[in-house]
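Shown next: work-v2.cif, containing mmCIF, C-alpha atoms; chains and numbers go by the auth columns.
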data_model
loop_
_atom_site.group_PDB
_atom_site.id
_atom_site.type_symbol
_atom_site.label_atom_id
_atom_site.label_comp_id
_atom_site.label_asym_id
_atom_site.label_seq_id
_atom_site.Cartn_x
_atom_site.Cartn_y
_atom_site.Cartn_z
_atom_site.B_iso_or_equiv
_atom_site.auth_seq_id
_atom_site.auth_asym_id
ATOM 1 C CA MET A 1 0.000 0.000 0.000 0.00 20 V
ATOM 2 C CA LYS A 2 1.341 3.380 -0.971 0.00 21 V
ATOM 3 C CA PRO A 3 2.219 5.904 1.779 0.00 22 V
ATOM 4 C CA TRP A 4 -0.427 8.413 0.706 0.00 23 V
ATOM 5 C CA MET A 5 -3.060 5.696 0.885 0.00 24 V
ATOM 6 C CA ILE A 6 -1.970 4.801 4.417 0.00 25 V
ATOM 7 C CA VAL A 7 -2.221 8.453 5.444 0.00 26 V
ATOM 8 C CA LEU A 8 -5.670 8.772 3.847 0.00 27 V
ATOM 9 C CA LEU A 9 -6.870 5.577 5.525 0.00 28 V
ATOM 10 C CA ALA A 10 -5.586 6.771 8.896 0.00 29 V
ATOM 11 C CA ALA A 11 -7.342 10.109 8.435 0.00 30 V
ATOM 12 C CA LEU A 12 -10.600 8.354 7.560 0.00 31 V
ATOM 13 C CA LEU A 13 -10.316 6.135 10.619 0.00 32 V
ATOM 14 C CA LEU A 14 -9.720 9.167 12.813 0.00 33 V
ATOM 15 C CA LEU A 15 -12.762 10.923 11.335 0.00 34 V
ATOM 16 C CA LEU A 16 -14.904 7.850 11.868 0.00 35 V
ATOM 17 C CA ALA A 17 -13.696 7.529 15.456 0.00 36 V
ATOM 18 C CA ALA A 18 -14.361 11.208 16.140 0.00 37 V
ATOM 19 C CA GLY A 19 -17.814 10.929 14.595 0.00 38 V
ATOM 20 C CA ALA A 20 -18.646 7.864 16.665 0.00 39 V
ATOM 21 C CA ALA A 21 -17.444 9.619 19.834 0.00 40 V
ATOM 22 C CA ALA A 22 -19.540 12.679 18.989 0.00 41 V
ATOM 23 C CA LEU A 23 -22.599 10.522 18.390 0.00 42 V
ATOM 24 C CA THR A 24 -22.054 8.691 21.681 0.00 43 V
ATOM 25 C CA ALA A 25 -21.552 11.936 23.602 0.00 44 V
ATOM 26 C CA GLY A 26 -24.618 13.412 21.930 0.00 45 V
ATOM 27 C CA ALA A 27 -26.715 10.379 22.817 0.00 46 V
ATOM 28 C CA LEU A 28 -25.574 10.510 26.437 0.00 47 V
ATOM 29 C CA ARG A 29 -26.247 14.243 26.601 0.00 48 V
ATOM 30 C CA ARG A 30 -29.751 13.789 25.153 0.00 49 V
ATOM 31 C CA ARG A 31 -30.452 10.955 27.586 0.00 50 V
ATOM 32 C CA SER A 32 -29.313 13.134 30.484 0.00 51 V
ATOM 33 C CA ASP A 33 -31.419 16.054 29.238 0.00 52 V
ATOM 34 C CA ARG A 34 -34.484 13.796 28.973 0.00 53 V
ATOM 35 C CA ARG A 35 -33.906 12.469 32.495 0.00 54 V
ATOM 36 C CA ILE A 36 -33.533 15.994 33.907 0.00 55 V
ATOM 37 C CA ALA A 37 -36.591 17.197 31.961 0.00 56 V
ATOM 38 C CA ALA A 38 -38.658 14.290 33.321 0.00 57 V
ATOM 39 C CA TYR A 39 -37.575 15.114 36.863 0.00 58 V
ATOM 40 C CA GLN A 40 -38.357 18.806 36.402 0.00 59 V
ATOM 41 C CA ASN A 41 -41.804 17.977 35.026 0.00 60 V
ATOM 42 C CA LYS A 42 -42.430 15.792 38.069 0.00 61 V
ATOM 43 C CA LEU A 43 -41.175 18.558 40.359 0.00 62 V
ATOM 44 C CA LEU A 44 -43.351 21.168 38.645 0.00 63 V
ATOM 45 C CA ALA A 45 -46.414 18.920 38.930 0.00 64 V
ATOM 46 C CA GLN A 46 -45.682 18.452 42.629 0.00 65 V
ATOM 47 C CA GLN A 47 -45.317 22.193 43.170 0.00 66 V
ATOM 48 C CA ILE A 48 -48.557 22.899 41.317 0.00 67 V
ATOM 49 C CA ALA A 49 -50.330 20.282 43.451 0.00 68 V
ATOM 50 C CA GLU A 50 -48.988 21.905 46.623 0.00 69 V
ATOM 51 C CA VAL A 51 -50.192 25.355 45.569 0.00 70 V
ATOM 52 C CA GLU A 52 -53.574 24.004 44.473 0.00 71 V
ATOM 53 C CA ASN A 53 -53.989 22.219 47.801 0.00 72 V
ATOM 54 C CA LEU A 54 -53.290 25.452 49.663 0.00 73 V
ATOM 55 C CA TYR A 55 -55.717 27.322 47.403 0.00 74 V
ATOM 56 C CA ARG A 56 -58.475 24.732 47.897 0.00 75 V
ATOM 57 C CA THR A 57 -58.016 24.928 51.662 0.00 76 V
ATOM 58 C CA MET A 58 -58.363 28.715 51.602 0.00 77 V
ATOM 59 C CA ARG A 59 -61.420 28.551 49.345 0.00 78 V
ATOM 60 C CA GLY A 60 -63.005 25.999 51.650 0.00 79 V
ATOM 61 C CA TRP A 61 -62.487 28.232 54.653 0.00 80 V
ATOM 62 C CA ARG A 62 -63.930 31.242 52.843 0.00 81 V
ATOM 63 C CA HIS A 63 -66.955 29.174 51.862 0.00 82 V
ATOM 64 C CA ASP A 64 -67.566 28.358 55.536 0.00 83 V
ATOM 65 C CA TYR A 65 -66.923 31.908 56.747 0.00 84 V
ATOM 66 C CA HIS A 66 -70.609 32.878 56.787 0.00 85 V
ATOM 67 C CA ASN A 67 -71.529 29.761 58.761 0.00 86 V
ATOM 68 C CA HIS A 68 -68.822 30.475 61.302 0.00 87 V
ATOM 69 C CA LEU A 69 -70.174 33.989 61.866 0.00 88 V
ATOM 70 C CA GLN A 70 -73.722 32.689 62.321 0.00 89 V
ATOM 71 C CA THR A 71 -72.527 30.151 64.886 0.00 90 V
ATOM 72 C CA LEU A 72 -70.632 32.798 66.835 0.00 91 V
ATOM 73 C CA LYS A 73 -73.592 35.185 66.794 0.00 92 V
ATOM 74 C CA ALA A 74 -75.916 32.455 68.054 0.00 93 V
ATOM 75 C CA ARG A 75 -73.608 31.601 70.955 0.00 94 V
ATOM 76 C CA LEU A 76 -73.209 35.250 71.902 0.00 95 V
ATOM 77 C CA ASP A 77 -76.995 35.794 71.755 0.00 96 V
ATOM 78 C CA MET A 78 -77.387 32.912 74.208 0.00 97 V
ATOM 79 C CA GLY A 79 -74.716 34.362 76.471 0.00 98 V
ATOM 80 C CA GLN A 80 -72.279 31.526 75.761 0.00 99 V
ATOM 81 C CA THR A 81 -69.189 33.728 75.746 0.00 100 V
ATOM 82 C CA ALA A 82 -66.899 30.916 76.856 0.00 101 V
ATOM 83 C CA GLY A 83 -68.184 28.708 74.035 0.00 102 V
ATOM 84 C CA ALA A 84 -67.762 31.539 71.532 0.00 103 V
ATOM 85 C CA ARG A 85 -64.176 32.061 72.711 0.00 104 V
ATOM 86 C CA GLU A 86 -63.441 28.338 72.372 0.00 105 V
ATOM 87 C CA TYR A 87 -64.903 28.371 68.870 0.00 106 V
ATOM 88 C CA LEU A 88 -62.724 31.349 67.903 0.00 107 V
ATOM 89 C CA ASP A 89 -59.650 29.559 69.240 0.00 108 V
ATOM 90 C CA ARG A 90 -60.357 26.571 66.975 0.00 109 V
ATOM 91 C CA LEU A 91 -60.842 28.878 63.983 0.00 110 V
ATOM 92 C CA GLU A 92 -57.546 30.563 64.777 0.00 111 V
ATOM 93 C CA GLU A 93 -55.787 27.186 64.674 0.00 112 V
ATOM 94 C CA ASP A 94 -57.309 26.524 61.243 0.00 113 V
ATOM 95 C CA LEU A 95 -56.151 29.916 59.997 0.00 114 V
ATOM 96 C CA ASP A 96 -52.628 29.292 61.304 0.00 115 V
ATOM 97 C CA ALA A 97 -52.502 26.165 59.175 0.00 116 V
ATOM 98 C CA ILE A 98 -53.237 28.114 55.979 0.00 117 V
ATOM 99 C CA ARG A 99 -51.780 31.524 56.786 0.00 118 V
ATOM 100 C CA ALA A 100 -49.721 33.318 54.174 0.00 119 V
ATOM 101 C CA LEU A 101 -46.226 33.030 55.578 0.00 120 V
ATOM 102 C CA VAL A 102 -44.585 35.221 52.955 0.00 121 V
ATOM 103 C CA GLU A 103 -45.551 38.358 51.070 0.00 122 V
ATOM 104 C CA THR A 104 -42.609 39.227 48.854 0.00 123 V
ATOM 105 C CA GLY A 105 -44.337 41.534 46.388 0.00 124 V
ATOM 106 C CA ASN A 106 -44.254 38.877 43.659 0.00 125 V
ATOM 107 C CA VAL A 107 -47.368 36.706 43.335 0.00 126 V
ATOM 108 C CA SER A 108 -45.592 33.710 41.783 0.00 127 V
ATOM 109 C CA VAL A 109 -42.828 33.733 44.375 0.00 128 V
ATOM 110 C CA ASP A 110 -45.421 34.099 47.151 0.00 129 V
ATOM 111 C CA ALA A 111 -47.249 31.017 45.874 0.00 130 V
ATOM 112 C CA ILE A 112 -44.192 28.768 45.730 0.00 131 V
ATOM 113 C CA LEU A 113 -42.699 30.010 49.011 0.00 132 V
ATOM 114 C CA ASN A 114 -45.950 29.732 50.968 0.00 133 V
ATOM 115 C CA ALA A 115 -46.493 26.193 49.710 0.00 134 V
ATOM 116 C CA LYS A 116 -42.897 25.069 50.306 0.00 135 V
ATOM 117 C CA LEU A 117 -42.354 26.786 53.659 0.00 136 V
ATOM 118 C CA SER A 118 -45.662 25.484 55.005 0.00 137 V
ATOM 119 C CA LEU A 119 -44.344 21.977 54.333 0.00 138 V
ATOM 120 C CA VAL A 120 -41.059 22.875 56.031 0.00 139 V
ATOM 121 C CA LEU A 121 -42.963 23.762 59.207 0.00 140 V
ATOM 122 C CA LYS A 122 -45.085 20.606 58.991 0.00 141 V
ATOM 123 C CA LYS A 123 -41.893 18.544 58.918 0.00 142 V
ATOM 124 C CA GLY A 124 -40.796 20.118 62.202 0.00 143 V
ATOM 125 C CA ILE A 125 -37.845 22.002 60.701 0.00 144 V
ATOM 126 C CA GLU A 126 -36.911 25.208 62.517 0.00 145 V
ATOM 127 C CA LEU A 127 -37.540 27.996 60.009 0.00 146 V
ATOM 128 C CA SER A 128 -36.416 31.604 59.799 0.00 147 V
ATOM 129 C CA PHE A 129 -36.858 33.732 56.697 0.00 148 V
ATOM 130 C CA LYS A 130 -37.057 37.210 55.244 0.00 149 V
ATOM 131 C CA ALA A 131 -38.031 37.771 51.638 0.00 150 V
ATOM 132 C CA ALA A 132 -38.686 40.809 49.440 0.00 151 V
ATOM 133 C CA VAL A 133 -38.659 40.749 45.643 0.00 152 V
ATOM 134 C CA PRO A 134 -38.475 43.932 43.530 0.00 153 V
ATOM 135 C CA GLN A 135 -41.206 44.462 40.943 0.00 154 V
ATOM 136 C CA ASN A 136 -38.863 44.724 37.966 0.00 155 V
ATOM 137 C CA LEU A 137 -36.812 41.582 37.399 0.00 156 V
ATOM 138 C CA THR A 138 -34.625 40.310 34.577 0.00 157 V
ATOM 139 C CA VAL A 139 -35.166 36.696 35.601 0.00 158 V
ATOM 140 C CA SER A 140 -38.588 35.304 34.720 0.00 159 V
ATOM 141 C CA ASP A 141 -41.031 34.285 37.444 0.00 160 V
ATOM 142 C CA ILE A 142 -40.869 30.681 36.240 0.00 161 V
ATOM 143 C CA ASP A 143 -37.066 30.499 36.414 0.00 162 V
ATOM 144 C CA LEU A 144 -37.020 32.195 39.812 0.00 163 V
ATOM 145 C CA CYS A 145 -39.546 29.677 41.130 0.00 164 V
ATOM 146 C CA VAL A 146 -37.451 26.830 39.701 0.00 165 V
ATOM 147 C CA ILE A 147 -34.455 28.121 41.666 0.00 166 V
ATOM 148 C CA LEU A 148 -36.375 28.599 44.904 0.00 167 V
ATOM 149 C CA GLY A 149 -38.258 25.316 44.611 0.00 168 V
ATOM 150 C CA ASN A 150 -35.074 23.320 44.073 0.00 169 V
ATOM 151 C CA LEU A 151 -33.191 25.159 46.817 0.00 170 V
ATOM 152 C CA ILE A 152 -35.871 24.466 49.409 0.00 171 V
ATOM 153 C CA ASP A 153 -36.425 20.866 48.282 0.00 172 V
ATOM 154 C CA ASN A 154 -32.704 20.142 48.560 0.00 173 V
ATOM 155 C CA ALA A 155 -32.536 21.853 51.959 0.00 174 V
ATOM 156 C CA VAL A 156 -35.457 19.790 53.258 0.00 175 V
ATOM 157 C CA GLU A 157 -33.879 16.600 51.893 0.00 176 V
ATOM 158 C CA SER A 158 -30.671 17.391 53.781 0.00 177 V
ATOM 159 C CA CYS A 159 -32.543 18.261 56.990 0.00 178 V
ATOM 160 C CA GLU A 160 -34.412 14.959 56.952 0.00 179 V
ATOM 161 C CA LYS A 161 -31.065 13.158 57.302 0.00 180 V
ATOM 162 C CA VAL A 162 -30.307 15.057 60.521 0.00 181 V
ATOM 163 C CA ALA A 163 -31.675 14.389 64.018 0.00 182 V
ATOM 164 C CA GLU A 164 -34.958 16.252 64.560 0.00 183 V
ATOM 165 C CA GLU A 165 -33.586 18.597 67.227 0.00 184 V
ATOM 166 C CA GLY A 166 -30.840 19.777 64.847 0.00 185 V
ATOM 167 C CA ARG A 167 -32.958 20.566 61.783 0.00 186 V
ATOM 168 C CA PHE A 168 -33.103 24.163 60.577 0.00 187 V
ATOM 169 C CA LEU A 169 -33.588 26.186 57.403 0.00 188 V
ATOM 170 C CA ARG A 170 -32.784 29.881 56.945 0.00 189 V
ATOM 171 C CA LEU A 171 -33.863 31.783 53.851 0.00 190 V
ATOM 172 C CA TYR A 172 -33.190 35.347 52.755 0.00 191 V
ATOM 173 C CA ILE A 173 -34.227 37.052 49.507 0.00 192 V
ATOM 174 C CA GLY A 174 -33.495 40.706 48.826 0.00 193 V
ATOM 175 C CA VAL A 175 -31.426 43.174 46.842 0.00 194 V
ATOM 176 C CA LEU A 176 -27.654 43.335 47.274 0.00 195 V
ATOM 177 C CA LYS A 177 -25.486 45.686 45.226 0.00 196 V
ATOM 178 C CA GLN A 178 -28.268 46.173 42.653 0.00 197 V
ATOM 179 C CA GLN A 179 -28.661 42.411 42.184 0.00 198 V
ATOM 180 C CA LEU A 180 -31.265 39.955 43.380 0.00 199 V
ATOM 181 C CA TYR A 181 -29.683 38.060 46.263 0.00 200 V
ATOM 182 C CA VAL A 182 -30.887 34.652 47.437 0.00 201 V
ATOM 183 C CA SER A 183 -29.319 32.951 50.443 0.00 202 V
ATOM 184 C CA ILE A 184 -30.357 29.649 51.996 0.00 203 V
ATOM 185 C CA SER A 185 -28.633 27.608 54.678 0.00 204 V
ATOM 186 C CA ASN A 186 -29.732 24.373 56.246 0.00 205 V
ATOM 187 C CA ALA A 187 -28.673 21.581 58.547 0.00 206 V
ATOM 188 C CA THR A 188 -26.701 18.758 56.971 0.00 207 V
ATOM 189 C CA SER A 189 -24.932 15.613 58.047 0.00 208 V
ATOM 190 C CA GLU A 190 -22.600 15.835 55.063 0.00 209 V
ATOM 191 C CA THR A 191 -19.140 17.383 55.028 0.00 210 V
ATOM 192 C CA VAL A 192 -17.718 18.245 51.614 0.00 211 V
ATOM 193 C CA ARG A 193 -14.210 19.577 51.199 0.00 212 V
ATOM 194 C CA LYS A 194 -14.723 20.961 47.721 0.00 213 V
ATOM 195 C CA ILE A 195 -17.992 21.885 46.021 0.00 214 V
ATOM 196 C CA ASP A 196 -17.604 22.001 42.256 0.00 215 V
ATOM 197 C CA ALA A 197 -18.964 20.422 39.077 0.00 216 V
ATOM 198 C CA ALA A 198 -17.523 17.047 40.075 0.00 217 V
ATOM 199 C CA TYR A 199 -19.384 17.177 43.395 0.00 218 V
ATOM 200 C CA ILE A 200 -22.652 18.068 41.678 0.00 219 V
ATOM 201 C CA SER A 201 -22.284 15.293 39.117 0.00 220 V
ATOM 202 C CA THR A 202 -21.798 12.677 41.855 0.00 221 V
ATOM 203 C CA LYS A 203 -24.981 13.629 43.682 0.00 222 V
ATOM 204 C CA ARG A 204 -27.556 11.026 42.726 0.00 223 V
ATOM 205 C CA GLY A 205 -31.316 11.320 42.513 0.00 224 V
ATOM 206 C CA ASN A 206 -33.375 14.459 42.962 0.00 225 V
ATOM 207 C CA HIS A 207 -30.683 16.385 44.836 0.00 226 V
ATOM 208 C CA GLY A 208 -28.227 16.157 41.949 0.00 227 V
ATOM 209 C CA HIS A 209 -30.852 17.107 39.366 0.00 228 V
ATOM 210 C CA GLY A 210 -31.847 20.078 41.495 0.00 229 V
ATOM 211 C CA LEU A 211 -28.280 21.348 41.780 0.00 230 V
ATOM 212 C CA ARG A 212 -27.717 21.111 38.035 0.00 231 V
ATOM 213 C CA ARG A 213 -31.028 22.800 37.280 0.00 232 V
ATOM 214 C CA ILE A 214 -30.167 25.716 39.577 0.00 233 V
ATOM 215 C CA ASP A 215 -26.779 26.121 37.905 0.00 234 V
ATOM 216 C CA ARG A 216 -28.336 26.133 34.432 0.00 235 V
ATOM 217 C CA VAL A 217 -30.831 28.857 35.308 0.00 236 V
ATOM 218 C CA VAL A 218 -28.178 30.997 37.021 0.00 237 V
ATOM 219 C CA GLU A 219 -25.866 30.583 34.015 0.00 238 V
ATOM 220 C CA LYS A 220 -28.731 31.540 31.670 0.00 239 V
ATOM 221 C CA TYR A 221 -28.867 35.011 33.245 0.00 240 V
ATOM 222 C CA GLY A 222 -25.146 35.458 33.765 0.00 241 V
ATOM 223 C CA GLY A 223 -25.552 35.217 37.512 0.00 242 V
ATOM 224 C CA PHE A 224 -23.376 33.799 40.263 0.00 243 V
ATOM 225 C CA VAL A 225 -23.824 30.816 42.576 0.00 244 V
ATOM 226 C CA ASN A 226 -21.678 29.971 45.568 0.00 245 V
ATOM 227 C CA ARG A 227 -21.990 26.900 47.798 0.00 246 V
ATOM 228 C CA GLN A 228 -20.269 26.404 51.135 0.00 247 V
ATOM 229 C CA ASN A 229 -20.222 23.389 53.413 0.00 248 V
ATOM 230 C CA GLU A 230 -19.155 23.690 57.028 0.00 249 V
ATOM 231 C CA PRO A 231 -19.686 21.131 59.790 0.00 250 V
ATOM 232 C CA GLY A 232 -23.445 20.819 60.183 0.00 251 V
ATOM 233 C CA VAL A 233 -24.313 23.582 57.721 0.00 252 V
ATOM 234 C CA PHE A 234 -24.772 23.714 53.946 0.00 253 V
ATOM 235 C CA ALA A 235 -25.200 27.193 52.456 0.00 254 V
ATOM 236 C CA THR A 236 -25.989 28.481 48.976 0.00 255 V
ATOM 237 C CA GLU A 237 -25.789 32.076 47.751 0.00 256 V
ATOM 238 C CA ILE A 238 -27.113 33.218 44.385 0.00 257 V
ATOM 239 C CA LEU A 239 -26.817 36.602 42.672 0.00 258 V
ATOM 240 C CA LEU A 240 -28.956 37.439 39.631 0.00 259 V
ATOM 241 C CA PRO A 241 -28.882 40.698 37.649 0.00 260 V
ATOM 242 C CA LEU A 242 -31.883 42.992 38.019 0.00 261 V
#
Write out the structure in this file as structure tokens.
Amino acid sequence: MKPWMIVLLAALLLLLAAGAAALTAGALRRRSDRRIAAYQNKLLAQQIAEVENLYRTMRGWRHDYHNHLQTLKARLDMGQTAGAREYLDRLEEDLDAIRALVETGNVSVDAILNAKLSLVLKKGIELSFKAAVPQNLTVSDIDLCVILGNLIDNAVESCEKVAEEGRFLRLYIGVLKQQLYVSISNATSETVRKIDAAYISTKRGNHGHGLRRIDRVVEKYGGFVNRQNEPGVFATEILLPL
């Protein structure tokens, strides 16, 4: 075989190998994208169900509001002040269960935070939060809710692996240096020396998908995400342009 033919054959083999590698990488990437999309669809359906459940509860209470007033009036007319007070106490407990925990100024964010944080309290996780969202945002409401939903879900997942008396979640949303600032810290039993792409890729299940989804949305807007892990505490900070 002539030298030029050997060179040509080698070049063809290299092209074929590169093409096969590209096809394999593309197939793996598409499979990963489909898996992440399926998880996000499941997550979105869950979040919608949570919000709808909260909405149905509030509608049910409003529907019964007139009946509650009639009952209270009847007891007061009969001089049953102690009974009326007891009835009001029970109504107050019902209202506490469906109260709006957060009023950020953004309806979509309010919906997702009230649904998620209500579940945090039901799970017995110590909660502290402060949230305010400016009216004009670069990031879409949907993408912002994706970030917040995944952050809280991951925080709850970490807390559930910690003894009940040590569970906590702290959330802050506001404006820092003319950027939207989101900070969340939670209890964790995990200690990670280095948090990078390799760490995210090794996280299996919903937690790993959530981390990657957050990073994609932050990257979409040219934002910044920082994760820190200290003994007993996992913290995430996100900056998004306004």
Residue members of the PyMOL selection byres ((chain V and resi 174) around 10) in the file shown, as a list in words: Val139, Gly168, Asn169, Leu170, Ile171, Asp172, Asn173, Val175, Glu176, Ser177, Cys178, Glu179, Arg186, Phe187, Leu188, Arg189, Ile203, Ser204, Asn205, Ala206, Thr207, His226, Phe253, Ala254 and Thr255 of chain V
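For the set V:Leu88, V:Ala134, V:Ile166, V:Ala182, the residue with the smallest atom-to-atom gap to Val244 in chain V is V:Ile166, counting only C-alpha atoms.
One finds CA of Lys180 in chain V at 9.2 Å from CA of Glu209 in chain V.
Our summary of the geometry notes that CA of Asn133 in chain V is positioned 18.9 Å from CA of Tyr200 in chain V.
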Name all residues at most 10 Å from Phe148 in chain V (count only C-alpha atoms; drop same-chain ones fewer than 4 positions away) and give them as a compact mmCIF listing (two decimals) with C-alpha atoms, keeping the file's coordinate frame.
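Output file selection-v8.txt is given in full below:
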# COMPACT_ATOMS: atom_id res chain seq x y z
CA LEU V 120 -46.23 33.03 55.58
CA VAL V 121 -44.58 35.22 52.96
CA LEU V 136 -42.35 26.79 53.66
CA LEU V 188 -33.59 26.19 57.40
CA ARG V 189 -32.78 29.88 56.94
CA LEU V 190 -33.86 31.78 53.85
CA TYR V 191 -33.19 35.35 52.76
CA ILE V 192 -34.23 37.05 49.51
CA SER V 202 -29.32 32.95 50.44
CA ILE V 203 -30.36 29.65 52.00
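When all atoms listed in the file are used to compute distances to Cys164 in chain V, the closest of the residues V:Leu261, V:Ile131, V:Val252, V:Leu107 turns out to be V:Ile131.
One distance worth recording is that between CA of Pro153 in chain V and CA of Glu122 in chain V, which is 11.7 Å.
Minimum atom-to-atom distance to Asn155 in chain V, evaluated using all atoms listed in the file, belongs to V:Leu199 out of V:Leu140, V:His228, V:Leu199, V:Gly185.
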